[in-house]
Every structure is written in C-alpha cells, then in structure tokens.
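First the structure, in the form of structure tokens, and then the observations on it.
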Amino acid sequence: MQQVLKTTNIVKKYGNKKILNNINMTINKGDIYGFIGKNGAGKTTFMRTILSLTQHDEGNIEYCNNKSIEEVGMKIGSLIEEPGLYKSQTAYENLKRFSILYEADISKINEILKVVGLENTGKRKVKDFSLGMRQRMGIAIALLNEPEFLILDEPINGLDPEGIKEIRDIIIKLNKEKKITFLISSHLLDELGKIATKFGIINNGELLEEINAEDLKKKCQSKLIIEVDNIKKSKEIIEKIIDEKDIEIEDNKIYINNNIDKSSIINKKLVEKDISVSSIYPIYDTLEEYFMKRIGE
Amino acid sequence: MKNLIKLQLRNATHQKMTYICLLLTILIGPAILLLSDLFVSAQPEAKAWPEIVKFIGTQIDIVGLIFIAIFSCLDFSEGTIKNIISRGYSKEKYLVSKIIVVTIALFAMYIVCSLILFVYYIRNGLGFDIDLFKQLLVVLLNIISISTFYTTISVLLEKNSSAIIACVVLPVLIPLLLGLISIKFNIDLNSYWISSLPSNYLEKKTIKNLTFSVFGSIIYIFISLVAGNILIKKKEIK
C-alpha cells in the first residue's frame with residue numbers, strides 16, 4: 001500500500017509545553033482519514049506542521065515515500081481553518097491567481113467551480129459569499145492542479161445541514177472518482193463517521209490510536225441483545241458459554257457484554273435446548289461514545 | 001520563484017491601491033514641483049537637476065512606503081499566505097518575490113514621475129546634465145534598498161496597521177533620533193540613514209559621496225535580505 005503521509009515522532013513545543021507529543025501517523029493512498037480530538041487537542045497544529053505553516057521541534061515528515069513538502073507540495077491541497085481568499089476578487093479570479101501559482105490548467109477552473117457548486121457566481125465578489133460558499137471556495141482552491149492528497153481542517157464547521165451534506169458528497173465523490181486521499185478533522189464525529197475509512201484519535205497532543213473503520217465498527221459493538229421465551233433457562237445455558245459477569249437481564253431481554261463474536265454459538269445452543277429465540281442482535285457505540293471512552297471521559 | 005513573482009505581479013496589477021499610488025505619484029509629486037515654479041519662482045530653468053532628482057526620490061519614498069505597507073501585508077490580511085506556503089513554496093522565496101514586485105512597482109512610479117518632470121524642465125530650458133544618469137542611478141539603487149528594507153519589515157509585521165505605522169513612523173523617528181545623537185556627540189549619523197543616502201551624493205557630487213551612497217544602499221539591501229530570511233523562516237503562518 002502506497003503511503004501518502006508518514007510522520008515519525010513529531011514533537012511541537014510552545015515554550016516547555018509539548019503541543020504535539022511523538023505523533024506517528026500513517027495515511028495510505030485512498031484513505032479518508034478522520035482526525036478526531038477535542039478543542040486544543042492538537043489537530044490543527046498537527047495539520048499546520050505537516051504543511052510547513054509552523055515548524056516542529058523534533059521528528060520527521062515524509063510524503064509519498066520519503067519526499068518533502070517542497071517536492072510534492074503542488075499535489076497537496078489544503079484548507080486550514082478559514083479559507084485564504086482574495087476577498088475583493090471573484091471566485092474565478094481567485095482560482096486564476098492560484099492556478100498561476102500552482103501551475104494548474106486554467107481551462108479547468110470552470111470545471112472545478114462546478115464540482116463545488118459555485119459555477120453561477122459570475123462577477124460576485126468573494127466578500128459577498130456566504131460562509132458555506134467560502135468554504136467551498138477553499139475546497140476549490142485546494143482542488144487546483146489535481147491534488148492527490150487533501151488536508152481539510154474542520155471543513156464543515158459553521159455550515160447548515162444542507163452545506164454539510166454538500167461538502168460530504170464532494171469528499172466522497174472526489175475519493176471515489178478521482179482517488180484523492182483525505183485527512184479531515186472535525187468536531188462533528190457522526191458526520192466524520194459517515195465518510196472516514198480510517199480514524200486517528202488525538203488527545204493532549206498524543207495520538208492515542210489509529211484504527212480503520214472496520215475495526216472501529218467491531219470495537220463499537222458493545223452489547224448483544226437476545227430476546228427469548230424463557231429467560232431463566234436461557235441464562236443458565238449462556239452461562240456455560242461466557243462469563244456470568246458479562247450477562248445482564250433487563251426488561252425481559254438478555255444483554256451480553258464483550259462477546260459479540262459468540263452470537264452464533266449462543267443462538268445455536270439456545271435453539272438446541274428448545275428455547276425460542278425471537279431476536280439476537282448487536283448494539284453499537286456511536287463514534288462519539290467510543291471517542292469519549294478512548295480519551296477517558 | 002517564477003510563479004510566485006507572477007502571482008504577486010497579478011496581485012499588484014489587480015489592486016486599486018497600486019493605481020491610486022501611481023496616480024498620486026503622477027499628480028501630487030510633479031504638481032507640487034510645477035506649482036512651486038509657477039507661483040513662487042516663476043523660473044523653472046532656475047531649478048537644478050540634483051534638486052529635482054532628490055525631490056523625485058522623496059516623492060517615491062512617501063507614496064511608495066504606503067504602497068509597500070499595504071501590498072506586503074495583503075497575503076497575511078487575506079489569509080492567502082497559507083495557500084502559498086502549504087503548496088511547498090518556502091517563506092524565504094515568498095519574501096524575495098514580494099521584494100522584487102514591490103521594487104518593480106516603485107520603479108514604475110519612479111519612471112513615470114521622472115519622465116513628467118524631465119520633459120517639463122527640458123522643455124523649459126534646463127540643460128542636460130552629464131551627471132544626471134549617475135544621480136538617477138543613485139536614487140534608483142536607493143529605491144531598491146528602501147523596497148527591500150520596508151518590505152521585509154512589513155512582511156514580518158504581517159498586519160496592515162502595524163506595517164503602515166512602521167513605514168510612516170520609522171522614516172520620521174529614526175532621522176530625528178539620529179539627529180539628536182549626532183548633536184549630542186558631535187558626529188554625523190544622519191547621513192547613514194537609508195533615506196539620506198542619495199542626498200550625500202546629490203548635495204556634493206564627489207567620488208567619495210557616490211561610493212558612500214552606492215555602498216550604503218547595497219549594505220541596507222544585504223542586511224535586510226539576510227535578517228529577513230532568518231526571521232521569516234521562524235515565522236508561524238496563521
């Protein structure tokens with residue numbers, strides 16, 4: 001798997017305080033990497049560090065297998081905090097200026113404006129754009145010169161539900177159709193949960209965990225719920241398969257903790273003992289619940 | 001670097017402020033000089049070239065510094081500096097590109113202002129001075145040093161307001177301080193100040209003064225570039 005970004009032991013200090021503490025992050029080609037953390041956890045600082053907007057004190061940053069940002073920067077698009085725009089200019093003029101800088105094909109500007117839904121802005125100045133339109137302008141600039149990797153910091157911050165959906169659709173479309181790799185931070189964990197294929201959880205400047213979406217789904221399966229006609233007898237049967245302390249009875253249902261993978265065995269044994277199993281299904285933690293557990297809150 | 005210069009040139013040519021400064025250079029500078037001839041002396045031919053060249057230099061200083069302060073901070077005030085640095089352009093190259101474009105803009109103002117005055121004075125009987133090119137070159141070199149010096153300060157300050165204050169206050173405050181120190185210790189420090197360098201030669205056209213003016217400007221350019229590159233490298237881009 002080709003690595004798009006690999007950081008090794010990144011440390012960033014302000015005075016004596018470590019804002020980033022030995023961050024080791026790996027992002028593979030095609031990933032939509034959801035970067036999760038509380039306010040002040042270090043997400044933006046990390047993104048700024050990998051983009052050379054701020055200097056790090058220790059560690060190494062590699063793009064596309066041992067290349068520096070100076071070598072591959074033209075193929076990395078980014079939107080960090082508020083988009084940087086020439087506000088007294090039109091959307092087209094903004095893209096034209098950055099096309100000159102990024103050596104991008106000027107004839108593709110209208111196509112990019114269409115991708116982000118700003119093709120009808122005409123002579124309207126960027127300063128008259130709504131917040132959502134400005135965010136989409138930021139993404140449009142990031143898309144110039146056909147980037148292979150997009151770094152988006154809180155791209156849906158402050159947007160209304162419609163705006164959030166639009167940005168989400170753009171990200172999914174670009175990932176699927178143009179094979180663009182993403183690193184996205186967001187406070188809206190459920191939104192991130194809908195699109196990310198890999199997650200990184202950062203807390204107090206430390207990357208606590210990197211986990212792909214499938215593994216996260218398994219980890220989020222917190223309980224198995226079983227509905228049967230004979231609870232007492234069922235409990236006795238289940239106790240022979242799993243530890244008693246993982247079994248709870250509530251509202252005429254059996255709740256089983258931490259043994260989701262044993263659902264088929266439990267079902268089989270119950271049926272063999274003539275228990276009528278009306279339903280057996282797992283319930284999941286949300287990404288937010290998992291995140292809160294992981295950072296210990 | 002080429003792309004950075006192209007971007008900055010586009011920024012400069014698509015900004016109203018550039019044209020306002022150019023207009024001010026055309027209207028106010030020559031206008032003051034010409035009106036003073038009309039109403040005060042009524043004898044334009046009585047003017048001397050060094051006096052005119054010095055005036056052009058001063059005029060470019062005043063309008064140019066406002067242009068420098070606003071233009072140098074544009075990418076910081078708009079946040080577009082992030083779009084530049086995050087695509088792999090170094091902060092040092094960014095600074096140099098700004099200096100180059102500011103210098104080009106000031107050259108344009110200088111040429112326009114000079115042409116108007118030269119045409120006027122030559123038509124009104126002021127003879128061509130063989131030293132004129134030397135005088136112009138001294139001022140021209142000084143414009144490069146002023147561009148480099150003040151652009152570096154403005155870029156490092158980032159904010160329009162701080163840069164404008166620095167570009168307006170420094171040219172007044174520093175000569176004042178140097179003047180006071182000079183009086184106190186009975187030495188001439190004022191002639192070392194960046195804006196005073198051409199005056200040394202324009203007031204007394206000796207080889208020594210020419211060398212002093214030329215090397216003084218070169219030293220200012222060198223120090224500004226070295227210090228600017230060191231400081232901007234450490235700068236956090238917000």
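Each chain in the structure tokens gets a letter, A, B, ..., in the order shown, and its residues are numbered from 1; ligands are numbered from 1 in order too.
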Please report, as CSV, each residue of chain B lying at most 6 Å from chain A, together with the nearest pair of atoms and the separation in Å rounded to one decimal; use only C-alpha atoms, and order rows by chain and ascending residue number.
```
residue,atom,partner,partner_atom,distance
B:Asn3,CA,A:Leu101,CA,4.9
B:Glu78,CA,A:Gly84,CA,5.8
B:Gly79,CA,A:Gly84,CA,4.2
B:Thr80,CA,A:Gly84,CA,4.1
B:Ser86,CA,A:Leu51,CA,4.9
B:Arg87,CA,A:Gly73,CA,4.1
B:Gly88,CA,A:Glu70,CA,4.1
B:Glu236,CA,A:Thr54,CA,5.0
B:Ile237,CA,A:Leu53,CA,5.0
```
Output file for the residues above (N, CA, C and O atoms, as a short mmCIF file (atom, residue, chain, number, x, y, z; two decimals), in the first residue's frame):
```cif
data_model
loop_
_atom_site.label_atom_id
_atom_site.label_comp_id
_atom_site.auth_asym_id
_atom_site.auth_seq_id
_atom_site.Cartn_x
_atom_site.Cartn_y
_atom_site.Cartn_z
N ASN B 3 6.67 31.52 -10.48
CA ASN B 3 5.22 31.53 -10.25
C ASN B 3 4.84 32.50 -9.14
O ASN B 3 3.80 33.15 -9.21
N GLU B 78 -5.44 38.61 4.03
CA GLU B 78 -6.45 37.78 3.36
C GLU B 78 -6.34 36.30 3.75
O GLU B 78 -7.21 35.51 3.41
N GLY B 79 -5.25 35.94 4.39
CA GLY B 79 -5.05 34.52 4.76
C GLY B 79 -4.53 33.67 3.62
O GLY B 79 -4.40 32.45 3.74
N THR B 80 -4.24 34.30 2.48
CA THR B 80 -3.80 33.53 1.30
C THR B 80 -2.36 33.03 1.42
O THR B 80 -1.95 32.18 0.65
N SER B 86 1.69 26.26 1.99
CA SER B 86 1.30 24.85 2.09
C SER B 86 1.50 24.09 0.78
O SER B 86 1.43 22.87 0.76
N ARG B 87 1.73 24.80 -0.32
CA ARG B 87 1.99 24.10 -1.58
C ARG B 87 3.49 23.96 -1.85
O ARG B 87 3.93 23.75 -2.97
N GLY B 88 4.27 24.14 -0.82
CA GLY B 88 5.70 23.83 -0.94
C GLY B 88 6.60 25.01 -1.27
O GLY B 88 7.80 24.84 -1.46
N GLU B 236 5.59 31.82 12.25
CA GLU B 236 4.42 30.94 12.21
C GLU B 236 3.43 31.57 11.24
O GLU B 236 3.14 32.77 11.33
N ILE B 237 2.91 30.77 10.33
CA ILE B 237 1.91 31.29 9.40
C ILE B 237 0.52 31.00 9.97
O ILE B 237 0.16 29.85 10.18
#
```
What parts of range 47-91 of chain A does DSSP call alpha helix (DSSP H)? I'd like the answer as a PyMOL selection string.
chain A and resi 47-50+69-72+91
Writing out the chosen residues with all heavy atoms as a PDB file, in the first residue's frame:
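Result file is out01.pdb:
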```pdb
ATOM      1  N   MET A  47      -1.842  19.581  11.630  1.00  0.00           N
ATOM      2  CA  MET A  47      -2.056  19.824  10.193  1.00  0.00           C
ATOM      3  C   MET A  47      -1.177  20.969   9.696  1.00  0.00           C
ATOM      4  O   MET A  47      -0.617  20.911   8.608  1.00  0.00           O
ATOM      5  CB  MET A  47      -3.525  20.136   9.930  1.00  0.00           C
ATOM      6  CG  MET A  47      -4.412  18.918  10.078  1.00  0.00           C
ATOM      7  SD  MET A  47      -6.131  19.368   9.888  1.00  0.00           S
ATOM      8  CE  MET A  47      -6.824  17.854   9.290  1.00  0.00           C
ATOM      9  N   ARG A  48      -1.068  22.007  10.505  1.00  0.00           N
ATOM     10  CA  ARG A  48      -0.215  23.134  10.139  1.00  0.00           C
ATOM     11  C   ARG A  48       1.249  22.711  10.071  1.00  0.00           C
ATOM     12  O   ARG A  48       2.014  23.197   9.230  1.00  0.00           O
ATOM     13  CB  ARG A  48      -0.390  24.274  11.148  1.00  0.00           C
ATOM     14  CG  ARG A  48      -1.754  24.974  11.009  1.00  0.00           C
ATOM     15  CD  ARG A  48      -2.121  25.763  12.248  1.00  0.00           C
ATOM     16  NE  ARG A  48      -1.069  26.678  12.610  1.00  0.00           N
ATOM     17  CZ  ARG A  48      -0.854  27.858  12.034  1.00  0.00           C
ATOM     18  NH1 ARG A  48      -1.674  28.246  11.092  1.00  0.00           N
ATOM     19  NH2 ARG A  48       0.125  28.620  12.398  1.00  0.00           N
ATOM     20  N   THR A  49       1.616  21.789  10.956  1.00  0.00           N
ATOM     21  CA  THR A  49       3.006  21.314  10.980  1.00  0.00           C
ATOM     22  C   THR A  49       3.334  20.530   9.709  1.00  0.00           C
ATOM     23  O   THR A  49       4.375  20.762   9.088  1.00  0.00           O
ATOM     24  CB  THR A  49       3.248  20.439  12.229  1.00  0.00           C
ATOM     25  OG1 THR A  49       2.900  21.192  13.377  1.00  0.00           O
ATOM     26  CG2 THR A  49       4.685  19.976  12.322  1.00  0.00           C
ATOM     27  N   ILE A  50       2.434  19.620   9.332  1.00  0.00           N
ATOM     28  CA  ILE A  50       2.753  18.820   8.136  1.00  0.00           C
ATOM     29  C   ILE A  50       2.726  19.660   6.861  1.00  0.00           C
ATOM     30  O   ILE A  50       3.300  19.267   5.850  1.00  0.00           O
ATOM     31  CB  ILE A  50       1.847  17.565   7.998  1.00  0.00           C
ATOM     32  CG1 ILE A  50       0.372  17.956   7.908  1.00  0.00           C
ATOM     33  CG2 ILE A  50       2.092  16.581   9.132  1.00  0.00           C
ATOM     34  CD1 ILE A  50      -0.546  16.781   7.605  1.00  0.00           C
ATOM     35  N   ILE A  69       7.665  18.265   1.549  1.00  0.00           N
ATOM     36  CA  ILE A  69       6.540  19.063   1.018  1.00  0.00           C
ATOM     37  C   ILE A  69       6.998  19.955  -0.140  1.00  0.00           C
ATOM     38  O   ILE A  69       6.223  20.251  -1.043  1.00  0.00           O
ATOM     39  CB  ILE A  69       5.851  19.887   2.138  1.00  0.00           C
ATOM     40  CG1 ILE A  69       4.553  20.498   1.599  1.00  0.00           C
ATOM     41  CG2 ILE A  69       6.761  20.973   2.709  1.00  0.00           C
ATOM     42  CD1 ILE A  69       3.492  20.721   2.588  1.00  0.00           C
ATOM     43  N   GLU A  70       8.266  20.353  -0.132  1.00  0.00           N
ATOM     44  CA  GLU A  70       8.777  21.178  -1.240  1.00  0.00           C
ATOM     45  C   GLU A  70       8.711  20.387  -2.557  1.00  0.00           C
ATOM     46  O   GLU A  70       8.490  20.948  -3.615  1.00  0.00           O
ATOM     47  CB  GLU A  70      10.228  21.619  -0.984  1.00  0.00           C
ATOM     48  CG  GLU A  70      10.381  22.742   0.033  1.00  0.00           C
ATOM     49  CD  GLU A  70      10.278  22.277   1.470  1.00  0.00           C
ATOM     50  OE1 GLU A  70      10.377  21.059   1.714  1.00  0.00           O
ATOM     51  OE2 GLU A  70      10.069  23.128   2.370  1.00  0.00           O
ATOM     52  N   GLU A  71       8.890  19.050  -2.436  1.00  0.00           N
ATOM     53  CA  GLU A  71       8.896  18.225  -3.652  1.00  0.00           C
ATOM     54  C   GLU A  71       7.483  17.892  -4.128  1.00  0.00           C
ATOM     55  O   GLU A  71       7.240  17.780  -5.323  1.00  0.00           O
ATOM     56  CB  GLU A  71       9.658  16.924  -3.389  1.00  0.00           C
ATOM     57  CG  GLU A  71      11.154  17.129  -3.197  1.00  0.00           C
ATOM     58  CD  GLU A  71      11.839  15.881  -2.704  1.00  0.00           C
ATOM     59  OE1 GLU A  71      11.711  15.558  -1.496  1.00  0.00           O
ATOM     60  OE2 GLU A  71      12.501  15.223  -3.518  1.00  0.00           O
ATOM     61  N   VAL A  72       6.571  17.676  -3.170  1.00  0.00           N
ATOM     62  CA  VAL A  72       5.237  17.211  -3.573  1.00  0.00           C
ATOM     63  C   VAL A  72       4.125  18.214  -3.282  1.00  0.00           C
ATOM     64  O   VAL A  72       2.960  17.927  -3.541  1.00  0.00           O
ATOM     65  CB  VAL A  72       4.888  15.863  -2.890  1.00  0.00           C
ATOM     66  CG1 VAL A  72       5.808  14.758  -3.331  1.00  0.00           C
ATOM     67  CG2 VAL A  72       4.906  16.010  -1.377  1.00  0.00           C
ATOM     68  N   ALA A  91     -14.755  34.602  -7.685  1.00  0.00           N
ATOM     69  CA  ALA A  91     -14.326  33.211  -7.492  1.00  0.00           C
ATOM     70  C   ALA A  91     -13.366  32.810  -8.611  1.00  0.00           C
ATOM     71  O   ALA A  91     -12.320  32.195  -8.357  1.00  0.00           O
ATOM     72  CB  ALA A  91     -15.541  32.297  -7.492  1.00  0.00           C
TER      73      ALA A  91
END
```
As number ranges by chain, please: the residues near Ile202 in chain A (cut-off 12 Å, only C-alpha atoms, same-chain neighbours under 3 positions excluded).
A: 19-25, 34-46, 185-186, 199, 205-211, 291-292, 294-295
Under the rule that only C-alpha atoms are counted, which of A:Arg124, A:Lys253, A:Lys269, A:Lys217 is the nearest residue to Lys198 in chain A?
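Of all the options, A:Lys217 lies closest to Lys198 in chain A.
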Report as a PDB file with all heavy atoms, in the first residue's frame: the residues of range 70-158 of chain A with a DSSP assignment of strand (DSSP E), based on the backbone of this structure.
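Writing the result to states_5.pdb gives the following:
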```
ATOM      1  N   ILE A  76      -0.559  18.636  -3.155  1.00  0.00           N
ATOM      2  CA  ILE A  76      -1.259  18.580  -1.865  1.00  0.00           C
ATOM      3  C   ILE A  76      -2.146  19.815  -1.731  1.00  0.00           C
ATOM      4  O   ILE A  76      -1.664  20.944  -1.727  1.00  0.00           O
ATOM      5  CB  ILE A  76      -0.253  18.528  -0.691  1.00  0.00           C
ATOM      6  CG1 ILE A  76       0.594  17.269  -0.800  1.00  0.00           C
ATOM      7  CG2 ILE A  76      -0.986  18.547   0.652  1.00  0.00           C
ATOM      8  CD1 ILE A  76       1.743  17.229   0.174  1.00  0.00           C
ATOM      9  N   GLY A  77      -3.427  19.578  -1.622  1.00  0.00           N
ATOM     10  CA  GLY A  77      -4.362  20.687  -1.415  1.00  0.00           C
ATOM     11  C   GLY A  77      -4.715  20.755   0.054  1.00  0.00           C
ATOM     12  O   GLY A  77      -4.680  19.742   0.747  1.00  0.00           O
ATOM     13  N   SER A  78      -5.039  21.950   0.517  1.00  0.00           N
ATOM     14  CA  SER A  78      -5.373  22.041   1.940  1.00  0.00           C
ATOM     15  C   SER A  78      -6.356  23.172   2.207  1.00  0.00           C
ATOM     16  O   SER A  78      -6.448  24.139   1.443  1.00  0.00           O
ATOM     17  CB  SER A  78      -4.105  22.256   2.769  1.00  0.00           C
ATOM     18  OG  SER A  78      -3.500  23.467   2.418  1.00  0.00           O
ATOM     19  N   LEU A  79      -7.075  22.991   3.282  1.00  0.00           N
ATOM     20  CA  LEU A  79      -7.974  24.043   3.774  1.00  0.00           C
ATOM     21  C   LEU A  79      -7.831  24.022   5.293  1.00  0.00           C
ATOM     22  O   LEU A  79      -8.334  23.107   5.957  1.00  0.00           O
ATOM     23  CB  LEU A  79      -9.420  23.746   3.351  1.00  0.00           C
ATOM     24  CG  LEU A  79     -10.507  24.640   3.935  1.00  0.00           C
ATOM     25  CD1 LEU A  79     -10.261  26.091   3.609  1.00  0.00           C
ATOM     26  CD2 LEU A  79     -11.875  24.235   3.390  1.00  0.00           C
ATOM     27  N   PHE A 149      -3.681  14.471  -2.543  1.00  0.00           N
ATOM     28  CA  PHE A 149      -3.911  14.407  -1.102  1.00  0.00           C
ATOM     29  C   PHE A 149      -4.529  15.735  -0.659  1.00  0.00           C
ATOM     30  O   PHE A 149      -4.007  16.799  -0.961  1.00  0.00           O
ATOM     31  CB  PHE A 149      -2.546  14.191  -0.420  1.00  0.00           C
ATOM     32  CG  PHE A 149      -2.599  14.027   1.073  1.00  0.00           C
ATOM     33  CD1 PHE A 149      -3.709  13.492   1.714  1.00  0.00           C
ATOM     34  CD2 PHE A 149      -1.499  14.378   1.856  1.00  0.00           C
ATOM     35  CE1 PHE A 149      -3.732  13.328   3.097  1.00  0.00           C
ATOM     36  CE2 PHE A 149      -1.504  14.220   3.230  1.00  0.00           C
ATOM     37  CZ  PHE A 149      -2.633  13.694   3.853  1.00  0.00           C
ATOM     38  N   LEU A 150      -5.662  15.645   0.030  1.00  0.00           N
ATOM     39  CA  LEU A 150      -6.320  16.869   0.511  1.00  0.00           C
ATOM     40  C   LEU A 150      -6.355  16.869   2.039  1.00  0.00           C
ATOM     41  O   LEU A 150      -6.764  15.880   2.655  1.00  0.00           O
ATOM     42  CB  LEU A 150      -7.752  16.949  -0.005  1.00  0.00           C
ATOM     43  CG  LEU A 150      -7.979  17.529  -1.395  1.00  0.00           C
ATOM     44  CD1 LEU A 150      -9.469  17.598  -1.698  1.00  0.00           C
ATOM     45  CD2 LEU A 150      -7.378  18.908  -1.539  1.00  0.00           C
ATOM     46  N   ILE A 151      -5.925  17.970   2.613  1.00  0.00           N
ATOM     47  CA  ILE A 151      -5.906  18.114   4.074  1.00  0.00           C
ATOM     48  C   ILE A 151      -6.950  19.172   4.439  1.00  0.00           C
ATOM     49  O   ILE A 151      -6.804  20.343   4.085  1.00  0.00           O
ATOM     50  CB  ILE A 151      -4.494  18.529   4.551  1.00  0.00           C
ATOM     51  CG1 ILE A 151      -3.481  17.439   4.154  1.00  0.00           C
ATOM     52  CG2 ILE A 151      -4.470  18.763   6.059  1.00  0.00           C
ATOM     53  CD1 ILE A 151      -2.042  17.808   4.363  1.00  0.00           C
ATOM     54  N   LEU A 152      -8.001  18.756   5.106  1.00  0.00           N
ATOM     55  CA  LEU A 152      -9.104  19.673   5.404  1.00  0.00           C
ATOM     56  C   LEU A 152      -9.319  19.759   6.913  1.00  0.00           C
ATOM     57  O   LEU A 152      -9.615  18.758   7.567  1.00  0.00           O
ATOM     58  CB  LEU A 152     -10.393  19.200   4.724  1.00  0.00           C
ATOM     59  CG  LEU A 152     -10.329  18.913   3.215  1.00  0.00           C
ATOM     60  CD1 LEU A 152     -11.663  18.362   2.723  1.00  0.00           C
ATOM     61  CD2 LEU A 152      -9.972  20.162   2.431  1.00  0.00           C
ATOM     62  N   ASP A 153      -9.180  20.959   7.427  1.00  0.00           N
ATOM     63  CA  ASP A 153      -9.358  21.178   8.863  1.00  0.00           C
ATOM     64  C   ASP A 153     -10.752  21.749   9.104  1.00  0.00           C
ATOM     65  O   ASP A 153     -11.038  22.855   8.671  1.00  0.00           O
ATOM     66  CB  ASP A 153      -8.270  22.158   9.346  1.00  0.00           C
ATOM     67  CG  ASP A 153      -8.354  22.408  10.834  1.00  0.00           C
ATOM     68  OD1 ASP A 153      -8.877  21.543  11.552  1.00  0.00           O
ATOM     69  OD2 ASP A 153      -7.878  23.471  11.280  1.00  0.00           O
TER      70      ASP A 153
END
```
Using only C-alpha atoms, which residues sit within 12 Å of Ile230 in chain B once same-chain residues fewer than 4 positions away are excluded, as a PDB file with N, CA and C atoms, in the first residue's frame?
```pdb
ATOM      1  N   LYS B  91       9.101  30.192   2.736  1.00  0.00           N
ATOM      2  CA  LYS B  91       8.810  31.551   3.205  1.00  0.00           C
ATOM      3  C   LYS B  91       9.865  32.530   2.685  1.00  0.00           C
ATOM      4  N   GLU B  92      11.095  32.058   2.550  1.00  0.00           N
ATOM      5  CA  GLU B  92      12.180  32.922   2.074  1.00  0.00           C
ATOM      6  C   GLU B  92      11.921  33.354   0.627  1.00  0.00           C
ATOM      7  N   LYS B  93      11.495  32.373  -0.195  1.00  0.00           N
ATOM      8  CA  LYS B  93      11.218  32.699  -1.602  1.00  0.00           C
ATOM      9  C   LYS B  93      10.035  33.662  -1.683  1.00  0.00           C
ATOM     10  N   LEU B  95       9.235  35.957   0.484  1.00  0.00           N
ATOM     11  CA  LEU B  95       9.718  37.294   0.838  1.00  0.00           C
ATOM     12  C   LEU B  95      10.441  37.933  -0.343  1.00  0.00           C
ATOM     13  N   THR B 152      10.566  43.958   3.883  1.00  0.00           N
ATOM     14  CA  THR B 152      10.942  42.956   4.887  1.00  0.00           C
ATOM     15  C   THR B 152      10.256  43.267   6.213  1.00  0.00           C
ATOM     16  N   LEU B 156       7.257  40.946   7.904  1.00  0.00           N
ATOM     17  CA  LEU B 156       7.478  40.383   9.238  1.00  0.00           C
ATOM     18  C   LEU B 156       6.401  40.855  10.224  1.00  0.00           C
ATOM     19  N   ILE B 223      21.705  43.511   4.381  1.00  0.00           N
ATOM     20  CA  ILE B 223      21.270  43.266   5.768  1.00  0.00           C
ATOM     21  C   ILE B 223      19.776  42.919   5.814  1.00  0.00           C
ATOM     22  N   SER B 224      18.971  43.647   5.054  1.00  0.00           N
ATOM     23  CA  SER B 224      17.521  43.376   5.049  1.00  0.00           C
ATOM     24  C   SER B 224      17.239  41.958   4.563  1.00  0.00           C
ATOM     25  N   LEU B 225      17.935  41.545   3.491  1.00  0.00           N
ATOM     26  CA  LEU B 225      17.707  40.205   2.935  1.00  0.00           C
ATOM     27  C   LEU B 225      18.128  39.116   3.919  1.00  0.00           C
ATOM     28  N   VAL B 226      19.303  39.282   4.502  1.00  0.00           N
ATOM     29  CA  VAL B 226      19.813  38.252   5.426  1.00  0.00           C
ATOM     30  C   VAL B 226      18.922  38.169   6.671  1.00  0.00           C
ATOM     31  N   LYS B 234      11.494  31.468  10.743  1.00  0.00           N
ATOM     32  CA  LYS B 234      10.969  31.062  12.050  1.00  0.00           C
ATOM     33  C   LYS B 234       9.507  31.457  12.236  1.00  0.00           C
ATOM     34  N   LYS B 235       8.987  32.180  11.269  1.00  0.00           N
ATOM     35  CA  LYS B 235       7.652  32.744  11.423  1.00  0.00           C
ATOM     36  C   LYS B 235       6.555  31.698  11.337  1.00  0.00           C
TER      37      LYS B 235
END
```
